[in-house]
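Worksheet: one structure, shown below.
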Amino acid sequence: MTERMISCSVAINEALEEEMARDEAIFIIGEDLVAHGGIFGQFKGLPEKFPGRLIDAPISESCIVGAGLGAALTGMRPLVDMHFADFVTCAMDEIVNQTAKIRYMFGGQVKVPLVIWAPDGAGLGAAAHHSQSLESWFVHTPGLKVVVPSEPADVKGLLKAAVREDDPVIFFQHKKLFAKEGPVPEGEHIIPLGKAAVKRSGGSVTILTYGSGFYMSLEAANELAGMGIEAEIVDLRTLKPLDFDTIAGSIQKTNRAVIVHEACLTGGFGAEVSARINSELFDYLDAPVLRVAGKDVPMPFSPCMEKFVMPKVEDVIKAVRAVTYR
Amino acid sequence: MKSPISTREMIQLYRKMVTVRKFETMAGDYFAAGKIPGFIHLSIGQEASSVGVCSALRPDDYIATTHRGHGHVIAKGANLPKMVAELMGRRTGYCKGKGGSMHIADFSLGILGANGVVAGGFPIITGAGLSIKLRHTDQVAVCFFGDGASNRGPVHEAMNMASIWKLPILFVCENNCYASTTPQTYACSVNNIATRAAAYNFPGVTVDGNDILAVREAADKAVERARRGEGPTLLENKTYRRRGHFEGDPQKYRTQEEVAEWEKKNDPLLRFASMLKKEKILTDKKEKEIQAEVDDELREAVAFAEQSEYPRPEEALEDMFINP
């Protein structure tokens, strides 16, 4: 399969075009889809290629998600565009009480092939209502699969897998990564949900990360290499189900772990990963598990404050040096 | 106006109403006896609405219902033994004991589920309506709700969406005078909830919800309109919740006289029976036969449930994902 350098935006578009051509049950519902091609232009071209299958909805998040759910229960395979991940709050009943629980609550009678696609993350000066990373809420909701990709190839492969999944998936796409480019295979490129990837090998420390944290970790690892510290980077990619085998394999080798995510620290996904490492891999650890995360405040507007609140490459370097005692 | 319903179907409607009434009475008794755990919400006195509306539907039409949903699912054809088993938390129940009274569904019958969240069915039925449109079938989707649900936000979203897309949906409000413990007259900005349909530019119809033929006639019209692709209707069936919000509700918000008055003067089952007798469609003998048949059916359903095993506790970990 040939690889080209394409952006995350193009990867999203390509994945959906391929899947929609393959399966007529797939449709996309959300706000600003047809004339605008999605609020970030992420669906550009699709409305023309698939007339009637991108559906502009009124600003009605409860019923946008509900419409996806009801359609998923009756033979369709919808992708719901949340516009901004922050607006999940307007549809929490539909996501948490309905979508996540329907299969279980009704004794496994039905499948729920629904993707909730949610652009998240900070760094764009968009302030507290357009900048959040809310993945841990949904990891904490039994019944949902949670995907947070970083590189364009992951975006394509995981989105194709999510659309084919018979269980509900919430798919967080970092807004600042839309333009990030990377090598992406053409055509049938599928990454199964629940598989992490070792993206940089190293023996000194394991950095566990996902989404925007991956690029931060990569930059840190390159700098750390200059100090003689070789970090292994595990990109988790799917938070639920979590690929703990890959995490364990790496930590058994490095004996040290740092978890990096953009979401705020307290109750974040890092706390869960850290707890599991401590209970399952304690004997392998040579240092406490550290977390690098956002500060526990709503995202402030002014760029200098936003930068202060978000985790940085230097924070990753500092944490790695602490666990390697260097 | 002459009713287009055959005498044979009249008897079927009556039989269904008797089934709902007796099922609910049984459930109340078994709950009081400690044989049904949790909470149950009964629809005694509202049988004309559930049976009247569902009798206008085809097997492939969809319904979404509420915490007070036993009547709707029975009227849509649900299996009684599996229902009772679910109420009793048994493995053989509709949801293998994972749902209980407030979460009964049968997707093979178009029953997209009862719902523990008030107005929780609106977004789901909107999706079912959209799916019908995308699949180009002539099915319809019905959302049952109460006067309490009418004040929630998703109702506005769903009615607006259903209107702009002309979705084949019946919004069926069972205005039973109380939202939990709060009177409808206090909590709603309007007396007739159907008047709110005007804001969404589709018909709103208020009928005597304890007159099954009035309900059926209004439902037929709304169903035909939906099947023709002309869009949704809001049908309001005015009725009365004779039991408490939940079984065991001390009901401090109303008098016993009020309840007794409705029981005596406006029982949908008695009204239909006396009408059928007056028209010589139902005889005393036939009435007794039907009652006895339904009693037998329920006895068997209860026996099935009571003889069924409880799930193994570990079964709580099953049915999460198709691909775990």
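Identifiers in the structure tokens: chain A, B, ... in order shown; residue index from 1 per chain; ligand index from 1 in order shown.
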### Task
Please run DSSP on the backbone and report, as a VMD selection string, all residues within region 105-274 of chain A that come out as alpha helix (DSSP H).
chain A and resid 105 135 to 139 152 to 164 212 to 225 244 to 254 269 to 274
#### Entry: strand (DSSP E or B) positions in region 220-298 of chain B, given as a VMD selection string
chain B and resid 233 to 238
Those same residues - N, CA and C atoms - I'd like them written as an mmCIF file, in the first residue's frame.
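The result, written out as part.cif:
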data_model
loop_
_atom_site.group_PDB
_atom_site.id
_atom_site.type_symbol
_atom_site.label_atom_id
_atom_site.label_comp_id
_atom_site.auth_asym_id
_atom_site.auth_seq_id
_atom_site.Cartn_x
_atom_site.Cartn_y
_atom_site.Cartn_z
ATOM 1 N N THR B 233 -47.771 14.620 14.194
ATOM 2 C CA THR B 233 -48.974 15.112 14.874
ATOM 3 C C THR B 233 -48.735 14.994 16.370
ATOM 4 N N LEU B 234 -49.237 15.957 17.102
ATOM 5 C CA LEU B 234 -49.241 15.847 18.563
ATOM 6 C C LEU B 234 -50.656 15.480 18.992
ATOM 7 N N LEU B 235 -50.780 14.306 19.564
ATOM 8 C CA LEU B 235 -52.083 13.829 20.033
ATOM 9 C C LEU B 235 -52.063 13.831 21.558
ATOM 10 N N GLU B 236 -53.005 14.524 22.138
ATOM 11 C CA GLU B 236 -53.083 14.584 23.604
ATOM 12 C C GLU B 236 -54.297 13.804 24.083
ATOM 13 N N ASN B 237 -54.033 12.753 24.824
ATOM 14 C CA ASN B 237 -55.112 11.952 25.392
ATOM 15 C C ASN B 237 -55.311 12.367 26.842
ATOM 16 N N LYS B 238 -56.436 13.006 27.110
ATOM 17 C CA LYS B 238 -56.710 13.460 28.479
ATOM 18 C C LYS B 238 -57.183 12.274 29.306
#
### Pro288 (chain A) environment, 9 Å, only C-alpha atoms, sequence neighbours closer than 4 positions dropped, as a ChimeraX atom specification
/A:256-258,278,323
Write the residues of the selection above to a file with N, CA and C atoms, as a PDB file, in the first residue's frame.
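Below you can see result_16.pdb, which holds the result:
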ATOM      1  N   ARG A 256       9.831   2.470  34.430  1.00  0.00           N
ATOM      2  CA  ARG A 256       9.447   3.840  34.788  1.00  0.00           C
ATOM      3  C   ARG A 256       8.334   4.292  33.857  1.00  0.00           C
ATOM      4  N   ALA A 257       7.425   5.100  34.402  1.00  0.00           N
ATOM      5  CA  ALA A 257       6.335   5.566  33.543  1.00  0.00           C
ATOM      6  C   ALA A 257       5.953   7.010  33.841  1.00  0.00           C
ATOM      7  N   VAL A 258       5.724   7.744  32.766  1.00  0.00           N
ATOM      8  CA  VAL A 258       5.175   9.099  32.848  1.00  0.00           C
ATOM      9  C   VAL A 258       3.940   9.121  31.943  1.00  0.00           C
ATOM     10  N   ASN A 278       0.212   0.856  39.254  1.00  0.00           N
ATOM     11  CA  ASN A 278       0.615   0.615  40.644  1.00  0.00           C
ATOM     12  C   ASN A 278       0.091  -0.707  41.170  1.00  0.00           C
ATOM     13  N   VAL A 323      11.730  10.848  37.143  1.00  0.00           N
ATOM     14  CA  VAL A 323      11.591   9.390  37.344  1.00  0.00           C
ATOM     15  C   VAL A 323      12.863   8.636  36.956  1.00  0.00           C
TER      16      VAL A 323
END
#### Entry: Check: which chain A residues lie within 9 Å of chain B using only C-alpha atoms, as a PyMOL selection string
chain A and resi 25+52-53+57-76+93-94+97-98+101-112+142-144+165-168+241
Dump as a tab-separated table (two decimals), in the first residue's frame, selection limited to N, CA and C atoms:
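Just written: selection-v9.tsv:
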chain	number	residue	atom	x	y	z
A	25	ALA	N	-25.62	2.56	4.61
A	25	ALA	CA	-26.29	2.84	5.88
A	25	ALA	C	-25.61	3.98	6.65
A	52	GLY	N	-27.73	14.02	0.34
A	52	GLY	CA	-28.74	13.56	1.28
A	52	GLY	C	-28.18	12.76	2.44
A	53	ARG	N	-26.89	12.47	2.40
A	53	ARG	CA	-26.32	11.64	3.48
A	53	ARG	C	-25.49	12.45	4.47
A	57	ALA	N	-28.49	19.71	10.79
A	57	ALA	CA	-29.49	19.71	11.85
A	57	ALA	C	-29.59	21.10	12.46
A	58	PRO	N	-30.74	21.40	13.04
A	58	PRO	CA	-30.82	22.63	13.85
A	58	PRO	C	-29.87	22.49	15.05
A	59	ILE	N	-29.60	23.59	15.73
A	59	ILE	CA	-28.74	23.53	16.92
A	59	ILE	C	-29.54	22.88	18.04
A	60	SER	N	-29.47	21.58	18.10
A	60	SER	CA	-30.30	20.78	19.01
A	60	SER	C	-29.51	19.55	19.41
A	61	GLU	N	-28.50	19.74	20.25
A	61	GLU	CA	-27.55	18.64	20.50
A	61	GLU	C	-28.20	17.38	21.04
A	62	SER	N	-29.19	17.53	21.94
A	62	SER	CA	-29.85	16.33	22.48
A	62	SER	C	-30.42	15.49	21.35
A	63	CYS	N	-31.13	16.16	20.46
A	63	CYS	CA	-31.80	15.41	19.40
A	63	CYS	C	-30.86	15.06	18.25
A	64	ILE	N	-29.74	15.74	18.13
A	64	ILE	CA	-28.76	15.31	17.13
A	64	ILE	C	-28.18	13.96	17.56
A	65	VAL	N	-27.77	13.87	18.81
A	65	VAL	CA	-27.26	12.58	19.29
A	65	VAL	C	-28.38	11.54	19.32
A	66	GLY	N	-29.56	11.97	19.80
A	66	GLY	CA	-30.69	11.04	19.86
A	66	GLY	C	-31.09	10.55	18.48
A	67	ALA	N	-31.03	11.44	17.51
A	67	ALA	CA	-31.38	11.05	16.14
A	67	ALA	C	-30.39	10.00	15.65
A	68	GLY	N	-29.12	10.19	15.99
A	68	GLY	CA	-28.13	9.18	15.65
A	68	GLY	C	-28.44	7.86	16.33
A	69	LEU	N	-28.77	7.94	17.61
A	69	LEU	CA	-29.05	6.71	18.36
A	69	LEU	C	-30.29	5.99	17.81
A	70	GLY	N	-31.36	6.74	17.64
A	70	GLY	CA	-32.60	6.12	17.14
A	70	GLY	C	-32.41	5.51	15.76
A	71	ALA	N	-31.59	6.17	14.94
A	71	ALA	CA	-31.32	5.63	13.60
A	71	ALA	C	-30.43	4.38	13.71
A	72	ALA	N	-29.49	4.41	14.65
A	72	ALA	CA	-28.61	3.24	14.83
A	72	ALA	C	-29.41	2.03	15.29
A	73	LEU	N	-30.46	2.28	16.06
A	73	LEU	CA	-31.28	1.17	16.57
A	73	LEU	C	-32.20	0.60	15.49
A	74	THR	N	-32.35	1.35	14.39
A	74	THR	CA	-33.32	0.93	13.38
A	74	THR	C	-32.67	0.74	12.01
A	75	GLY	N	-31.43	0.29	12.03
A	75	GLY	CA	-30.83	-0.18	10.78
A	75	GLY	C	-29.82	0.72	10.12
A	76	MET	N	-29.59	1.91	10.67
A	76	MET	CA	-28.62	2.80	10.04
A	76	MET	C	-27.29	2.77	10.81
A	93	ASP	N	-27.63	13.31	28.48
A	93	ASP	CA	-28.59	12.24	28.71
A	93	ASP	C	-28.56	11.24	27.55
A	94	GLU	N	-28.49	11.77	26.34
A	94	GLU	CA	-28.51	10.89	25.17
A	94	GLU	C	-27.23	10.06	25.09
A	97	ASN	N	-26.97	8.27	29.44
A	97	ASN	CA	-28.09	7.45	29.91
A	97	ASN	C	-28.68	6.56	28.83
A	98	GLN	N	-28.61	7.03	27.58
A	98	GLN	CA	-29.27	6.25	26.53
A	98	GLN	C	-28.25	5.45	25.71
A	101	LYS	N	-26.12	2.86	27.51
A	101	LYS	CA	-26.77	1.83	28.33
A	101	LYS	C	-27.75	0.94	27.57
A	102	ILE	N	-28.16	1.38	26.39
A	102	ILE	CA	-29.29	0.70	25.74
A	102	ILE	C	-29.03	-0.80	25.52
A	103	ARG	N	-27.87	-1.13	25.00
A	103	ARG	CA	-27.62	-2.54	24.73
A	103	ARG	C	-27.66	-3.37	26.02
A	104	TYR	N	-26.96	-2.89	27.02
A	104	TYR	CA	-26.86	-3.63	28.28
A	104	TYR	C	-28.21	-3.71	28.99
A	105	MET	N	-28.83	-2.54	29.14
A	105	MET	CA	-30.07	-2.42	29.90
A	105	MET	C	-31.18	-3.30	29.32
A	106	PHE	N	-31.15	-3.50	28.00
A	106	PHE	CA	-32.17	-4.34	27.36
A	106	PHE	C	-31.65	-5.76	27.12
A	107	GLY	N	-30.65	-6.15	27.90
A	107	GLY	CA	-30.20	-7.54	27.88
A	107	GLY	C	-29.52	-7.96	26.59
A	108	GLY	N	-28.85	-7.02	25.92
A	108	GLY	CA	-28.08	-7.39	24.73
A	108	GLY	C	-28.94	-7.63	23.50
A	109	GLN	N	-30.19	-7.12	23.52
A	109	GLN	CA	-31.10	-7.36	22.37
A	109	GLN	C	-30.63	-6.70	21.09
A	110	VAL	N	-29.86	-5.62	21.23
A	110	VAL	CA	-29.67	-4.77	20.05
A	110	VAL	C	-28.23	-4.29	19.95
A	111	LYS	N	-27.82	-3.98	18.72
A	111	LYS	CA	-26.50	-3.38	18.54
A	111	LYS	C	-26.66	-1.87	18.34
A	112	VAL	N	-25.62	-1.12	18.66
A	112	VAL	CA	-25.69	0.35	18.57
A	112	VAL	C	-24.49	0.85	17.75
A	142	PRO	N	-19.62	3.20	31.65
A	142	PRO	CA	-19.62	1.88	31.03
A	142	PRO	C	-20.56	1.86	29.82
A	143	GLY	N	-20.10	1.23	28.74
A	143	GLY	CA	-20.96	1.11	27.56
A	143	GLY	C	-20.46	1.89	26.35
A	144	LEU	N	-19.44	2.73	26.55
A	144	LEU	CA	-18.91	3.49	25.43
A	144	LEU	C	-17.47	3.06	25.16
A	165	GLU	N	-17.74	-0.37	13.64
A	165	GLU	CA	-17.97	-0.99	14.94
A	165	GLU	C	-19.48	-1.11	15.20
A	166	ASP	N	-19.89	-2.20	15.84
A	166	ASP	CA	-21.30	-2.36	16.19
A	166	ASP	C	-21.62	-1.83	17.59
A	167	ASP	N	-20.63	-1.30	18.27
A	167	ASP	CA	-20.83	-0.70	19.59
A	167	ASP	C	-20.61	0.81	19.48
A	168	PRO	N	-21.22	1.59	20.40
A	168	PRO	CA	-21.06	3.05	20.29
A	168	PRO	C	-19.64	3.51	20.62
A	241	PRO	N	-11.71	0.15	24.82
A	241	PRO	CA	-10.92	-0.69	25.73
A	241	PRO	C	-9.44	-0.31	25.70
### Two-atom distance - CA of His261 (chain A), CA of Ala91 (chain A) (Å)
24.5 Å
### Query
How far is it from CA of Lys160 (chain A) to CA of Glu186 (chain A), in Å with one decimal?
12.5 Å
### Query
Looking at B:Phe39, B:Phe23, B:Phe145, B:Trp262, which one is nearest to Glu300 (chain B), with distances taken over only C-alpha atoms?
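Among the listed residues, B:Phe23 lies closest to Glu300 (chain B).
Across A:Leu33, A:Lys156, A:Val148, A:Arg164, the tightest approach to Gly187 (chain A) is made by A:Lys156 when counting only C-alpha atoms.
If you measure from each of B:Asp220, B:Glu314, B:Asp61, B:Glu47 to Tyr240 (chain B) using only C-alpha atoms, the closest one turns out to be B:Glu47.
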### Proximity to Ser217 (chain A) - best of A:Val320, A:Val88, A:Leu159, A:Ala271, only C-alpha atoms
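Checking each of A:Val320, A:Val88, A:Leu159, A:Ala271 against Ser217 (chain A), counting only C-alpha atoms, the winner is A:Val320.
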### Message
If we count only C-alpha atoms and set the cut-off at 12 Å, which residues sit around region 308-316 of chain A, ignoring sequence neighbours fewer than 3 positions away in its own chain? Please answer as a PyMOL selection string.
### Response
chain A and resi 121-125+127-128+131-133+205-209+212-224+231+233+257-265+290-305+319-323
### Message
Between A:Gly228, A:Gly38, A:Gly267, A:Pro152, which residue has the minimum interatomic distance to Gly203 (chain A), considering only C-alpha atoms?
### Response
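Among the listed residues, the smallest separation from Gly203 (chain A) belongs to A:Gly228.
The shortest atom-to-atom distance to Ala179 (chain A), with only C-alpha atoms taken into account, belongs to A:Ser150 out of A:Asp283, A:Leu242, A:Ser150, A:Val34.
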